[in-house]
$ cat upload.txt   # compact mmCIF, N, CA and C atoms and all ligand atoms
# COMPACT_ATOMS: atom_id res chain seq x y z
N MET A 1 0.85 -1.20 0.00
CA MET A 1 0.00 0.00 0.00
C MET A 1 0.89 1.24 0.00
N ASP A 2 1.28 1.67 -1.21
CA ASP A 2 2.24 2.76 -1.36
C ASP A 2 1.73 4.08 -0.78
N ASP A 3 0.40 4.26 -0.81
CA ASP A 3 -0.13 5.55 -0.37
C ASP A 3 -0.57 5.54 1.09
N CYS A 4 -0.26 4.46 1.81
CA CYS A 4 -0.69 4.37 3.22
C CYS A 4 0.43 4.85 4.12
N ILE A 5 0.15 5.87 4.91
CA ILE A 5 1.19 6.48 5.75
C ILE A 5 1.73 5.48 6.78
N PHE A 6 0.86 4.63 7.34
CA PHE A 6 1.35 3.69 8.37
C PHE A 6 2.13 2.53 7.74
N CYS A 7 1.77 2.11 6.50
CA CYS A 7 2.61 1.13 5.79
C CYS A 7 4.00 1.73 5.58
N ARG A 8 4.02 2.99 5.21
CA ARG A 8 5.31 3.63 4.92
C ARG A 8 6.13 3.82 6.19
N ILE A 9 5.47 4.15 7.28
CA ILE A 9 6.19 4.27 8.56
C ILE A 9 6.74 2.90 8.97
N ALA A 10 5.89 1.86 8.85
CA ALA A 10 6.32 0.51 9.26
C ALA A 10 7.48 0.02 8.40
N ALA A 11 7.52 0.46 7.14
CA ALA A 11 8.60 0.05 6.23
C ALA A 11 9.85 0.92 6.41
N GLY A 12 9.72 1.99 7.19
CA GLY A 12 10.87 2.88 7.44
C GLY A 12 11.08 3.92 6.36
N SER A 13 10.13 4.04 5.42
CA SER A 13 10.33 5.03 4.35
C SER A 13 9.78 6.41 4.74
N VAL A 14 8.99 6.46 5.81
CA VAL A 14 8.57 7.75 6.40
C VAL A 14 9.08 7.74 7.84
N PRO A 15 9.73 8.82 8.26
CA PRO A 15 10.31 8.82 9.62
C PRO A 15 9.24 8.81 10.71
N SER A 16 9.60 8.19 11.83
CA SER A 16 8.71 8.19 13.00
C SER A 16 9.60 8.06 14.22
N THR A 17 9.02 8.29 15.38
CA THR A 17 9.75 8.09 16.63
C THR A 17 9.46 6.67 17.10
N LYS A 18 10.37 5.77 16.75
CA LYS A 18 10.12 4.34 16.96
C LYS A 18 10.21 3.95 18.44
N ILE A 19 9.28 3.11 18.83
CA ILE A 19 9.27 2.56 20.19
C ILE A 19 9.69 1.09 20.17
N TYR A 20 9.18 0.36 19.18
CA TYR A 20 9.41 -1.09 19.14
C TYR A 20 9.14 -1.60 17.73
N GLU A 21 9.88 -2.65 17.35
CA GLU A 21 9.64 -3.26 16.04
C GLU A 21 10.01 -4.73 16.10
N ASP A 22 9.21 -5.56 15.48
CA ASP A 22 9.61 -6.95 15.22
C ASP A 22 9.05 -7.34 13.85
N ASP A 23 9.01 -8.64 13.55
CA ASP A 23 8.55 -9.05 12.22
C ASP A 23 7.08 -8.72 11.97
N THR A 24 6.31 -8.60 13.05
CA THR A 24 4.85 -8.49 12.92
C THR A 24 4.33 -7.08 13.13
N VAL A 25 4.91 -6.35 14.09
CA VAL A 25 4.35 -5.05 14.46
C VAL A 25 5.41 -3.95 14.44
N PHE A 26 4.90 -2.72 14.37
CA PHE A 26 5.74 -1.53 14.49
C PHE A 26 5.01 -0.62 15.46
N ALA A 27 5.74 -0.06 16.43
CA ALA A 27 5.12 0.85 17.41
C ALA A 27 5.91 2.15 17.41
N PHE A 28 5.19 3.27 17.44
CA PHE A 28 5.82 4.59 17.32
C PHE A 28 4.96 5.62 18.04
N LEU A 29 5.58 6.76 18.35
CA LEU A 29 4.84 7.82 19.04
C LEU A 29 3.88 8.49 18.08
N ASP A 30 2.66 8.75 18.59
CA ASP A 30 1.67 9.52 17.81
C ASP A 30 2.19 10.94 17.63
N ILE A 31 2.04 11.45 16.40
CA ILE A 31 2.57 12.78 16.06
C ILE A 31 1.75 13.90 16.71
N ALA A 32 0.53 13.59 17.10
CA ALA A 32 -0.34 14.59 17.75
C ALA A 32 -0.91 13.96 19.02
N PRO A 33 -0.08 13.83 20.04
CA PRO A 33 -0.47 13.01 21.20
C PRO A 33 -1.57 13.63 22.06
N VAL A 34 -2.33 12.75 22.68
CA VAL A 34 -3.30 13.15 23.70
C VAL A 34 -2.56 13.36 25.03
N SER A 35 -1.48 12.60 25.22
CA SER A 35 -0.67 12.75 26.43
C SER A 35 0.76 12.30 26.08
N ASP A 36 1.72 12.67 26.91
CA ASP A 36 3.11 12.26 26.68
C ASP A 36 3.19 10.73 26.62
N GLY A 37 3.83 10.22 25.59
CA GLY A 37 4.00 8.77 25.46
C GLY A 37 2.91 8.10 24.65
N HIS A 38 1.92 8.85 24.17
CA HIS A 38 0.83 8.30 23.33
C HIS A 38 1.47 7.54 22.15
N THR A 39 1.21 6.26 22.13
CA THR A 39 1.91 5.35 21.21
C THR A 39 0.90 4.66 20.29
N LEU A 40 1.31 4.42 19.06
CA LEU A 40 0.49 3.66 18.11
C LEU A 40 1.18 2.33 17.82
N VAL A 41 0.41 1.26 17.84
CA VAL A 41 0.92 -0.07 17.49
C VAL A 41 0.19 -0.52 16.23
N VAL A 42 0.95 -0.84 15.18
CA VAL A 42 0.32 -1.24 13.91
C VAL A 42 0.89 -2.58 13.45
N PRO A 43 0.04 -3.41 12.82
CA PRO A 43 0.60 -4.58 12.14
C PRO A 43 1.38 -4.10 10.93
N LYS A 44 2.43 -4.81 10.56
CA LYS A 44 3.22 -4.39 9.39
C LYS A 44 2.46 -4.60 8.09
N SER A 45 1.51 -5.54 8.10
CA SER A 45 0.71 -5.70 6.89
C SER A 45 -0.56 -4.86 6.99
N HIS A 46 -1.09 -4.52 5.83
CA HIS A 46 -2.16 -3.53 5.77
C HIS A 46 -3.55 -4.16 5.86
N PHE A 47 -4.29 -3.80 6.89
CA PHE A 47 -5.72 -4.09 7.01
C PHE A 47 -6.37 -2.82 7.50
N GLU A 48 -7.59 -2.56 7.01
CA GLU A 48 -8.22 -1.30 7.41
C GLU A 48 -8.86 -1.40 8.79
N TYR A 49 -9.62 -2.47 8.99
CA TYR A 49 -10.40 -2.60 10.23
C TYR A 49 -9.94 -3.81 11.03
N ILE A 50 -10.25 -3.80 12.30
CA ILE A 50 -9.87 -4.92 13.16
C ILE A 50 -10.53 -6.21 12.67
N HIS A 51 -11.75 -6.10 12.11
CA HIS A 51 -12.43 -7.33 11.66
C HIS A 51 -11.93 -7.79 10.29
N ASP A 52 -11.08 -7.00 9.63
CA ASP A 52 -10.44 -7.45 8.39
C ASP A 52 -9.20 -8.29 8.67
N CYS A 53 -8.65 -8.13 9.85
CA CYS A 53 -7.35 -8.72 10.17
C CYS A 53 -7.54 -10.19 10.53
N PRO A 54 -6.84 -11.11 9.87
CA PRO A 54 -6.99 -12.53 10.21
C PRO A 54 -6.74 -12.77 11.70
N ALA A 55 -7.53 -13.68 12.27
CA ALA A 55 -7.52 -13.88 13.73
C ALA A 55 -6.11 -14.18 14.26
N GLU A 56 -5.38 -14.98 13.50
CA GLU A 56 -4.06 -15.38 14.00
C GLU A 56 -3.12 -14.17 14.08
N LEU A 57 -3.16 -13.34 13.04
CA LEU A 57 -2.32 -12.14 13.03
C LEU A 57 -2.77 -11.17 14.12
N LEU A 58 -4.09 -11.03 14.26
CA LEU A 58 -4.61 -10.13 15.29
C LEU A 58 -4.13 -10.58 16.67
N GLY A 59 -4.15 -11.89 16.87
CA GLY A 59 -3.64 -12.43 18.14
C GLY A 59 -2.18 -12.08 18.35
N GLU A 60 -1.41 -12.18 17.27
CA GLU A 60 0.02 -11.84 17.38
C GLU A 60 0.21 -10.36 17.70
N VAL A 61 -0.59 -9.51 17.05
CA VAL A 61 -0.48 -8.07 17.30
C VAL A 61 -0.85 -7.79 18.77
N CYS A 62 -1.97 -8.36 19.20
CA CYS A 62 -2.43 -8.10 20.57
C CYS A 62 -1.45 -8.65 21.60
N SER A 63 -0.77 -9.74 21.23
CA SER A 63 0.18 -10.32 22.19
C SER A 63 1.35 -9.37 22.45
N ARG A 64 1.58 -8.43 21.54
CA ARG A 64 2.65 -7.43 21.74
C ARG A 64 2.15 -6.23 22.55
N ILE A 65 0.85 -5.99 22.51
CA ILE A 65 0.34 -4.74 23.08
C ILE A 65 0.57 -4.66 24.58
N GLY A 66 0.41 -5.78 25.28
CA GLY A 66 0.59 -5.76 26.73
C GLY A 66 1.99 -5.32 27.11
N ARG A 67 2.99 -5.90 26.43
CA ARG A 67 4.37 -5.57 26.76
C ARG A 67 4.68 -4.10 26.45
N ILE A 68 4.20 -3.65 25.28
CA ILE A 68 4.46 -2.26 24.88
C ILE A 68 3.73 -1.31 25.84
N ALA A 69 2.48 -1.63 26.15
CA ALA A 69 1.69 -0.75 27.03
C ALA A 69 2.31 -0.65 28.42
N GLY A 70 2.80 -1.78 28.92
CA GLY A 70 3.45 -1.75 30.24
C GLY A 70 4.67 -0.85 30.22
N ALA A 71 5.44 -0.94 29.12
CA ALA A 71 6.64 -0.10 29.01
C ALA A 71 6.26 1.37 28.89
N VAL A 72 5.19 1.65 28.13
CA VAL A 72 4.74 3.04 28.00
C VAL A 72 4.36 3.58 29.38
N GLN A 73 3.58 2.81 30.12
CA GLN A 73 3.14 3.28 31.44
C GLN A 73 4.33 3.51 32.36
N ARG A 74 5.24 2.54 32.41
CA ARG A 74 6.40 2.70 33.29
C ARG A 74 7.30 3.82 32.80
N GLY A 75 7.48 3.89 31.47
CA GLY A 75 8.40 4.88 30.90
C GLY A 75 8.01 6.31 31.21
N VAL A 76 6.72 6.60 31.12
CA VAL A 76 6.30 8.00 31.37
C VAL A 76 5.74 8.17 32.78
N GLY A 77 5.72 7.08 33.55
CA GLY A 77 5.24 7.16 34.93
C GLY A 77 3.76 7.49 35.01
N ALA A 78 2.98 6.90 34.09
CA ALA A 78 1.53 7.17 34.08
C ALA A 78 0.83 6.36 35.18
N ASP A 79 -0.38 6.82 35.53
CA ASP A 79 -1.18 6.09 36.52
C ASP A 79 -1.98 4.96 35.87
N GLY A 80 -2.15 5.05 34.56
CA GLY A 80 -2.91 4.04 33.81
C GLY A 80 -2.81 4.36 32.34
N TYR A 81 -3.60 3.65 31.53
CA TYR A 81 -3.60 3.95 30.09
C TYR A 81 -4.86 3.37 29.48
N ASN A 82 -5.24 3.94 28.34
CA ASN A 82 -6.31 3.37 27.53
C ASN A 82 -5.71 2.73 26.28
N VAL A 83 -6.26 1.59 25.90
CA VAL A 83 -5.95 1.00 24.59
C VAL A 83 -7.18 1.21 23.73
N LEU A 84 -6.98 1.89 22.61
CA LEU A 84 -8.12 2.33 21.81
C LEU A 84 -7.88 1.95 20.35
N CYS A 85 -8.92 1.44 19.71
CA CYS A 85 -8.81 1.07 18.29
C CYS A 85 -10.05 1.62 17.58
N ASN A 86 -9.87 2.70 16.85
CA ASN A 86 -10.99 3.31 16.13
C ASN A 86 -11.20 2.57 14.81
N ASN A 87 -12.44 2.21 14.53
CA ASN A 87 -12.77 1.50 13.30
C ASN A 87 -13.86 2.25 12.55
N GLY A 88 -13.50 2.79 11.40
CA GLY A 88 -14.47 3.54 10.59
C GLY A 88 -14.46 5.01 10.93
N ARG A 89 -14.79 5.81 9.90
CA ARG A 89 -14.82 7.27 10.05
C ARG A 89 -15.72 7.69 11.22
N ALA A 90 -16.88 7.03 11.33
CA ALA A 90 -17.85 7.41 12.38
C ALA A 90 -17.26 7.23 13.76
N ALA A 91 -16.29 6.32 13.86
CA ALA A 91 -15.66 6.04 15.16
C ALA A 91 -14.38 6.84 15.34
N GLY A 92 -14.10 7.73 14.40
CA GLY A 92 -12.92 8.59 14.55
C GLY A 92 -11.67 8.07 13.87
N GLN A 93 -11.82 7.02 13.03
CA GLN A 93 -10.63 6.49 12.34
C GLN A 93 -10.28 7.40 11.16
N LEU A 94 -9.12 8.01 11.25
CA LEU A 94 -8.66 8.91 10.19
C LEU A 94 -7.64 8.23 9.29
N VAL A 95 -6.87 7.31 9.84
CA VAL A 95 -5.87 6.59 9.06
C VAL A 95 -6.40 5.17 8.83
N GLY A 96 -6.54 4.80 7.54
CA GLY A 96 -7.18 3.53 7.19
C GLY A 96 -6.24 2.33 7.24
N HIS A 97 -5.42 2.27 8.26
CA HIS A 97 -4.54 1.12 8.51
C HIS A 97 -4.73 0.79 9.98
N LEU A 98 -5.17 -0.43 10.25
CA LEU A 98 -5.45 -0.85 11.62
C LEU A 98 -4.35 -0.40 12.59
N HIS A 99 -4.77 0.23 13.68
CA HIS A 99 -3.78 0.67 14.67
C HIS A 99 -4.43 0.73 16.05
N PHE A 100 -3.61 0.50 17.04
CA PHE A 100 -4.05 0.57 18.43
C PHE A 100 -3.35 1.74 19.10
N HIS A 101 -4.14 2.61 19.69
CA HIS A 101 -3.58 3.71 20.48
C HIS A 101 -3.32 3.21 21.89
N ILE A 102 -2.16 3.53 22.44
CA ILE A 102 -1.92 3.35 23.88
C ILE A 102 -1.78 4.77 24.43
N ILE A 103 -2.75 5.15 25.25
CA ILE A 103 -2.82 6.54 25.71
C ILE A 103 -2.58 6.59 27.22
N PRO A 104 -1.38 7.04 27.62
CA PRO A 104 -1.09 7.12 29.05
C PRO A 104 -2.05 8.10 29.75
N ARG A 105 -2.45 7.74 30.96
CA ARG A 105 -3.43 8.54 31.69
C ARG A 105 -2.90 8.89 33.07
N ARG A 106 -3.33 10.05 33.55
CA ARG A 106 -3.03 10.47 34.92
C ARG A 106 -4.35 10.63 35.64
N SER A 107 -4.36 10.32 36.92
CA SER A 107 -5.59 10.47 37.68
C SER A 107 -6.12 11.90 37.52
N GLY A 108 -7.40 12.01 37.17
CA GLY A 108 -8.03 13.33 37.08
C GLY A 108 -7.66 14.12 35.84
N ASP A 109 -7.05 13.48 34.82
CA ASP A 109 -6.61 14.26 33.64
C ASP A 109 -7.77 14.68 32.73
N GLY A 110 -8.94 14.10 32.93
CA GLY A 110 -10.12 14.57 32.19
C GLY A 110 -10.25 14.03 30.78
N VAL A 111 -9.24 13.28 30.30
CA VAL A 111 -9.34 12.71 28.95
C VAL A 111 -10.51 11.71 28.93
N PHE A 112 -11.32 11.76 27.91
CA PHE A 112 -12.50 10.86 27.76
C PHE A 112 -13.56 11.09 28.83
N ASP A 113 -13.60 12.28 29.43
CA ASP A 113 -14.63 12.55 30.45
C ASP A 113 -16.03 12.54 29.84
N LYS A 114 -16.09 12.92 28.53
CA LYS A 114 -17.41 13.04 27.90
C LYS A 114 -17.80 11.71 27.25
N TRP A 115 -18.10 10.73 28.06
CA TRP A 115 -18.44 9.38 27.60
C TRP A 115 -19.95 9.27 27.71
N LEU A 116 -20.66 9.45 26.58
CA LEU A 116 -22.11 9.52 26.64
C LEU A 116 -22.70 8.12 26.77
N SER A 117 -23.33 7.84 27.89
CA SER A 117 -23.92 6.51 28.08
C SER A 117 -25.40 6.66 28.41
N PHE A 118 -26.13 5.57 28.23
CA PHE A 118 -27.58 5.58 28.48
C PHE A 118 -28.01 4.21 28.96
N LYS A 119 -29.26 4.09 29.36
CA LYS A 119 -29.78 2.78 29.79
C LYS A 119 -30.72 2.24 28.71
N TYR A 120 -30.64 0.92 28.44
CA TYR A 120 -31.58 0.31 27.49
C TYR A 120 -32.97 0.29 28.08
N PRO A 121 -34.00 0.60 27.28
CA PRO A 121 -35.36 0.35 27.73
C PRO A 121 -35.61 -1.16 27.76
N PRO A 122 -36.66 -1.62 28.46
CA PRO A 122 -36.90 -3.06 28.59
C PRO A 122 -36.90 -3.77 27.22
N ALA A 123 -36.30 -4.95 27.18
CA ALA A 123 -36.27 -5.86 26.01
C ALA A 123 -35.31 -5.41 24.89
N LYS A 124 -34.90 -4.16 24.91
CA LYS A 124 -34.06 -3.70 23.79
C LYS A 124 -32.68 -4.39 23.80
N ALA A 125 -32.11 -4.58 24.99
CA ALA A 125 -30.78 -5.20 25.08
C ALA A 125 -30.82 -6.60 24.46
N GLU A 126 -31.86 -7.38 24.79
CA GLU A 126 -31.95 -8.74 24.23
C GLU A 126 -32.14 -8.71 22.72
N ARG A 127 -32.97 -7.75 22.23
CA ARG A 127 -33.19 -7.62 20.78
C ARG A 127 -31.87 -7.34 20.06
N ILE A 128 -31.10 -6.44 20.61
CA ILE A 128 -29.83 -6.07 19.99
C ILE A 128 -28.84 -7.23 20.07
N ALA A 129 -28.82 -7.90 21.21
CA ALA A 129 -27.91 -9.04 21.36
C ALA A 129 -28.24 -10.12 20.34
N GLN A 130 -29.54 -10.34 20.09
CA GLN A 130 -29.94 -11.35 19.08
C GLN A 130 -29.40 -10.98 17.71
N LEU A 131 -29.52 -9.70 17.35
CA LEU A 131 -29.03 -9.25 16.04
C LEU A 131 -27.53 -9.50 15.92
N ILE A 132 -26.83 -9.20 16.98
CA ILE A 132 -25.37 -9.36 16.94
C ILE A 132 -25.00 -10.84 16.90
N ARG A 133 -25.68 -11.66 17.71
CA ARG A 133 -25.38 -13.11 17.71
C ARG A 133 -25.63 -13.69 16.32
N LYS A 134 -26.71 -13.24 15.65
CA LYS A 134 -27.01 -13.74 14.30
C LYS A 134 -25.92 -13.34 13.30
N ALA A 135 -25.32 -12.18 13.53
CA ALA A 135 -24.31 -11.68 12.58
C ALA A 135 -22.94 -12.31 12.80
N MET A 136 -22.78 -13.07 13.89
CA MET A 136 -21.46 -13.65 14.21
C MET A 136 -21.05 -14.68 13.15
P1 LIG B 201 -7.20 7.52 14.22
O1 LIG B 201 -8.01 8.77 14.41
O2 LIG B 201 -7.57 6.42 15.19
O3 LIG B 201 -7.18 7.06 12.78
O4 LIG B 201 -5.74 7.91 14.64
C1 LIG B 201 -4.73 8.21 13.74
C2 LIG B 201 -3.60 8.76 14.57
O5 LIG B 201 -2.45 8.76 13.77
C3 LIG B 201 -3.83 10.21 15.04
O6 LIG B 201 -3.76 10.25 16.46
C4 LIG B 201 -2.69 10.97 14.39
O7 LIG B 201 -2.14 11.96 15.22
C5 LIG B 201 -1.69 9.87 14.12
N1 LIG B 201 -0.79 10.12 12.99
C6 LIG B 201 -1.13 10.48 11.73
N2 LIG B 201 -0.03 10.58 10.96
C7 LIG B 201 1.01 10.27 11.76
C8 LIG B 201 2.43 10.21 11.56
N3 LIG B 201 2.99 10.50 10.36
N4 LIG B 201 3.22 9.86 12.59
C9 LIG B 201 2.67 9.57 13.80
N5 LIG B 201 1.35 9.60 14.04
C10 LIG B 201 0.53 9.96 13.04
ZN ZN B 202 -1.19 0.49 5.46
$ encode --input "upload.txt" --output "structure tokens" --more "lines below"
Ligand code: AMP
Ligand code: ZN
Amino acid sequence: MDDCIFCRIAAGSVPSTKIYEDDTVFAFLDIAPVSDGHTLVVPKSHFEYIHDCPAELLGEVCSRIGRIAGAVQRGVGADGYNVLCNNGRAAGQLVGHLHFHIIPRRSGDGVFDKWLSFKYPPAKAERIAQLIRKAM
């Protein structure tokens, strides 16, 4: 994918601040961080969405995330972190190459404070669960 910025970063043809690399994944600092140490972990091969990525490869990518996230937290001395994977424009995905954000957090930092939640009316949860189970 010549025109994909994350393919090019993973191949080393576009510069990045590298955190970690192996045969499967490339991890680098986000150029517009939410907090110090905000890191992106990408598979070296190109898939747009998490559900496009073959299960075995996804497992390999995820198996790296714990180690990288622990290092990010310890490295910047964060109190915690979020692992975030945006899928689709509606979900905020701007780069069409599967990536996981590791976002270091500090107690009371206010990041993600505006998490709009609601309660299901009676029977709606089961109706929705049925639709999802059928789509599996
Ligand atoms: P998303 O909105 O989930 O697609 O996130 C894409 C992320 O990639 C954003 O947080 C951007 O700041 C980041 N980003 C885009 N281009 C680069 C780049 N060249 N180097 C590092 N991070 C980038
Ligand atoms: Zn790509």
$ residues_around --input "upload.txt" --residues "Leu98 (chain A)" --least-positions-apart "6" --cutoff "6.5 Å" --atoms "all atoms listed in the file" --output "number ranges by chain"
A: 41-43, 46-50
$ write_last_selection --input "upload.txt" --atoms "N, CA and C atoms" --output "compact mmCIF listing (two decimals), in the coordinates of the input"
# COMPACT_ATOMS: atom_id res chain seq x y z
N VAL A 41 0.41 1.26 17.84
CA VAL A 41 0.92 -0.07 17.49
C VAL A 41 0.19 -0.52 16.23
N VAL A 42 0.95 -0.84 15.18
CA VAL A 42 0.32 -1.24 13.91
C VAL A 42 0.89 -2.58 13.45
N PRO A 43 0.04 -3.41 12.82
CA PRO A 43 0.60 -4.58 12.14
C PRO A 43 1.38 -4.10 10.93
N HIS A 46 -1.09 -4.52 5.83
CA HIS A 46 -2.16 -3.53 5.77
C HIS A 46 -3.55 -4.16 5.86
N PHE A 47 -4.29 -3.80 6.89
CA PHE A 47 -5.72 -4.09 7.01
C PHE A 47 -6.37 -2.82 7.50
N GLU A 48 -7.59 -2.56 7.01
CA GLU A 48 -8.22 -1.30 7.41
C GLU A 48 -8.86 -1.40 8.79
N TYR A 49 -9.62 -2.47 8.99
CA TYR A 49 -10.40 -2.60 10.23
C TYR A 49 -9.94 -3.81 11.03
N ILE A 50 -10.25 -3.80 12.30
CA ILE A 50 -9.87 -4.92 13.16
C ILE A 50 -10.53 -6.21 12.67
$ residues_near_ligand --input "upload.txt" --ligand "ligand ZN 202 (chain B)" --cutoff "6.5 Å" --atoms "all atoms listed in the file" --output "mmCIF file with N, CA and C atoms, in the coordinates of the input"
data_model
loop_
_atom_site.group_PDB
_atom_site.id
_atom_site.type_symbol
_atom_site.label_atom_id
_atom_site.label_comp_id
_atom_site.auth_asym_id
_atom_site.auth_seq_id
_atom_site.Cartn_x
_atom_site.Cartn_y
_atom_site.Cartn_z
ATOM 1 N N MET A 1 0.850 -1.200 0.000
ATOM 2 C CA MET A 1 0.000 0.000 0.000
ATOM 3 C C MET A 1 0.890 1.240 0.000
ATOM 4 N N CYS A 4 -0.260 4.460 1.810
ATOM 5 C CA CYS A 4 -0.690 4.370 3.220
ATOM 6 C C CYS A 4 0.430 4.850 4.120
ATOM 7 N N ILE A 5 0.150 5.870 4.910
ATOM 8 C CA ILE A 5 1.190 6.480 5.750
ATOM 9 C C ILE A 5 1.730 5.480 6.780
ATOM 10 N N PHE A 6 0.860 4.630 7.340
ATOM 11 C CA PHE A 6 1.350 3.690 8.370
ATOM 12 C C PHE A 6 2.130 2.530 7.740
ATOM 13 N N CYS A 7 1.770 2.110 6.500
ATOM 14 C CA CYS A 7 2.610 1.130 5.790
ATOM 15 C C CYS A 7 4.000 1.730 5.580
ATOM 16 N N ARG A 8 4.020 2.990 5.210
ATOM 17 C CA ARG A 8 5.310 3.630 4.920
ATOM 18 C C ARG A 8 6.130 3.820 6.190
ATOM 19 N N SER A 45 1.510 -5.540 8.100
ATOM 20 C CA SER A 45 0.710 -5.700 6.890
ATOM 21 C C SER A 45 -0.560 -4.860 6.990
ATOM 22 N N HIS A 46 -1.090 -4.520 5.830
ATOM 23 C CA HIS A 46 -2.160 -3.530 5.770
ATOM 24 C C HIS A 46 -3.550 -4.160 5.860
ATOM 25 N N PHE A 47 -4.290 -3.800 6.890
ATOM 26 C CA PHE A 47 -5.720 -4.090 7.010
ATOM 27 C C PHE A 47 -6.370 -2.820 7.500
ATOM 28 N N GLY A 96 -6.540 4.800 7.540
ATOM 29 C CA GLY A 96 -7.180 3.530 7.190
ATOM 30 C C GLY A 96 -6.240 2.330 7.240
ATOM 31 N N HIS A 97 -5.420 2.270 8.260
ATOM 32 C CA HIS A 97 -4.540 1.120 8.510
ATOM 33 C C HIS A 97 -4.730 0.790 9.980
ATOM 34 N N LEU A 98 -5.170 -0.430 10.250
ATOM 35 C CA LEU A 98 -5.450 -0.850 11.620
ATOM 36 C C LEU A 98 -4.350 -0.400 12.590
#
$ atom_distance --input "upload.txt" --atom1 "CA of Ile102 (chain A)" --atom2 "CA of Asp2 (chain A)"
25.6 Å
$ closest_atom_pairs --input "upload.txt" --of "chain A" --to "ligand LIG 201 (chain B)" --cutoff "5 Å" --atoms "only N, CA and C atoms and all ligand atoms" --output "JSON lines"
{"residue": "A:Leu29", "atom": "C", "partner": "B:LIG201", "partner_atom": "C9", "distance": 4.6}
{"residue": "A:Asp30", "atom": "CA", "partner": "B:LIG201", "partner_atom": "N5", "distance": 3.8}
{"residue": "A:Ile31", "atom": "N", "partner": "B:LIG201", "partner_atom": "N5", "distance": 3.1}
{"residue": "A:Ala32", "atom": "N", "partner": "B:LIG201", "partner_atom": "O7", "distance": 3.6}
{"residue": "A:Asn86", "atom": "N", "partner": "B:LIG201", "partner_atom": "O2", "distance": 4.7}
{"residue": "A:Gly92", "atom": "C", "partner": "B:LIG201", "partner_atom": "O1", "distance": 3.8}
{"residue": "A:Gln93", "atom": "C", "partner": "B:LIG201", "partner_atom": "O3", "distance": 3.5}
{"residue": "A:Leu94", "atom": "N", "partner": "B:LIG201", "partner_atom": "O3", "distance": 2.6}
{"residue": "A:Val95", "atom": "N", "partner": "B:LIG201", "partner_atom": "O3", "distance": 3.0}
$ atom_distance --input "upload.txt" --atom1 "atom N of Pro122 (chain A)" --atom2 "atom N of Met136 (chain A)"
23.2 Å
$ closest_residue --input "upload.txt" --among "A:Ile19, A:Leu116, A:Ala11, A:Val25" --to "Thr39 (chain A)" --atoms "all atoms listed in the file"
A:Ile19
$ closest_residue --input "upload.txt" --among "A:Asn82, A:Ser117, A:Gln73, A:Thr17" --to "Phe100 (chain A)" --atoms "only N, CA and C atoms"
A:Asn82
$ atom_distance --input "upload.txt" --atom1 "CA of Ile65 (chain A)" --atom2 "CA of Tyr81 (chain A)"
11.8 Å
$ select_by_dssp --input "upload.txt" --residues "chain A" --states "strand (DSSP E)" --output "compact mmCIF listing (two decimals) with N, CA and C atoms, keeping the file's coordinate frame"
# COMPACT_ATOMS: atom_id res chain seq x y z
N LYS A 18 10.37 5.77 16.75
CA LYS A 18 10.12 4.34 16.96
C LYS A 18 10.21 3.95 18.44
N ILE A 19 9.28 3.11 18.83
CA ILE A 19 9.27 2.56 20.19
C ILE A 19 9.69 1.09 20.17
N TYR A 20 9.18 0.36 19.18
CA TYR A 20 9.41 -1.09 19.14
C TYR A 20 9.14 -1.60 17.73
N GLU A 21 9.88 -2.65 17.35
CA GLU A 21 9.64 -3.26 16.04
C GLU A 21 10.01 -4.73 16.10
N VAL A 25 4.91 -6.35 14.09
CA VAL A 25 4.35 -5.05 14.46
C VAL A 25 5.41 -3.95 14.44
N PHE A 26 4.90 -2.72 14.37
CA PHE A 26 5.74 -1.53 14.49
C PHE A 26 5.01 -0.62 15.46
N ALA A 27 5.74 -0.06 16.43
CA ALA A 27 5.12 0.85 17.41
C ALA A 27 5.91 2.15 17.41
N PHE A 28 5.19 3.27 17.44
CA PHE A 28 5.82 4.59 17.32
C PHE A 28 4.96 5.62 18.04
N LEU A 29 5.58 6.76 18.35
CA LEU A 29 4.84 7.82 19.04
C LEU A 29 3.88 8.49 18.08
N THR A 39 1.21 6.26 22.13
CA THR A 39 1.91 5.35 21.21
C THR A 39 0.90 4.66 20.29
N LEU A 40 1.31 4.42 19.06
CA LEU A 40 0.49 3.66 18.11
C LEU A 40 1.18 2.33 17.82
N VAL A 41 0.41 1.26 17.84
CA VAL A 41 0.92 -0.07 17.49
C VAL A 41 0.19 -0.52 16.23
N VAL A 42 0.95 -0.84 15.18
CA VAL A 42 0.32 -1.24 13.91
C VAL A 42 0.89 -2.58 13.45
N PRO A 43 0.04 -3.41 12.82
CA PRO A 43 0.60 -4.58 12.14
C PRO A 43 1.38 -4.10 10.93
N GLY A 80 -2.15 5.05 34.56
CA GLY A 80 -2.91 4.04 33.81
C GLY A 80 -2.81 4.36 32.34
N TYR A 81 -3.60 3.65 31.53
CA TYR A 81 -3.60 3.95 30.09
C TYR A 81 -4.86 3.37 29.48
N ASN A 82 -5.24 3.94 28.34
CA ASN A 82 -6.31 3.37 27.53
C ASN A 82 -5.71 2.73 26.28
N VAL A 83 -6.26 1.59 25.90
CA VAL A 83 -5.95 1.00 24.59
C VAL A 83 -7.18 1.21 23.73
N LEU A 84 -6.98 1.89 22.61
CA LEU A 84 -8.12 2.33 21.81
C LEU A 84 -7.88 1.95 20.35
N PHE A 100 -3.61 0.50 17.04
CA PHE A 100 -4.05 0.57 18.43
C PHE A 100 -3.35 1.74 19.10
N HIS A 101 -4.14 2.61 19.69
CA HIS A 101 -3.58 3.71 20.48
C HIS A 101 -3.32 3.21 21.89
N ILE A 102 -2.16 3.53 22.44
CA ILE A 102 -1.92 3.35 23.88
C ILE A 102 -1.78 4.77 24.43
N ILE A 103 -2.75 5.15 25.25
CA ILE A 103 -2.82 6.54 25.71
C ILE A 103 -2.58 6.59 27.22
N PRO A 104 -1.38 7.04 27.62
CA PRO A 104 -1.09 7.12 29.05
C PRO A 104 -2.05 8.10 29.75
N ARG A 105 -2.45 7.74 30.96
CA ARG A 105 -3.43 8.54 31.69
C ARG A 105 -2.90 8.89 33.07
$ select_by_dssp --input "upload.txt" --residues "region 4-117 of chain A" --states "alpha helix (DSSP H)" --output "list in words"
Ile5, Phe6, Cys7, Arg8, Ile9, Ala10, Ala11, Ala55, Glu56, Leu57, Leu58, Gly59, Glu60, Val61, Cys62, Ser63, Arg64, Ile65, Gly66, Arg67, Ile68, Ala69, Gly70, Ala71, Val72, Gln73, Arg74, Gly75 and Val76 of chain A
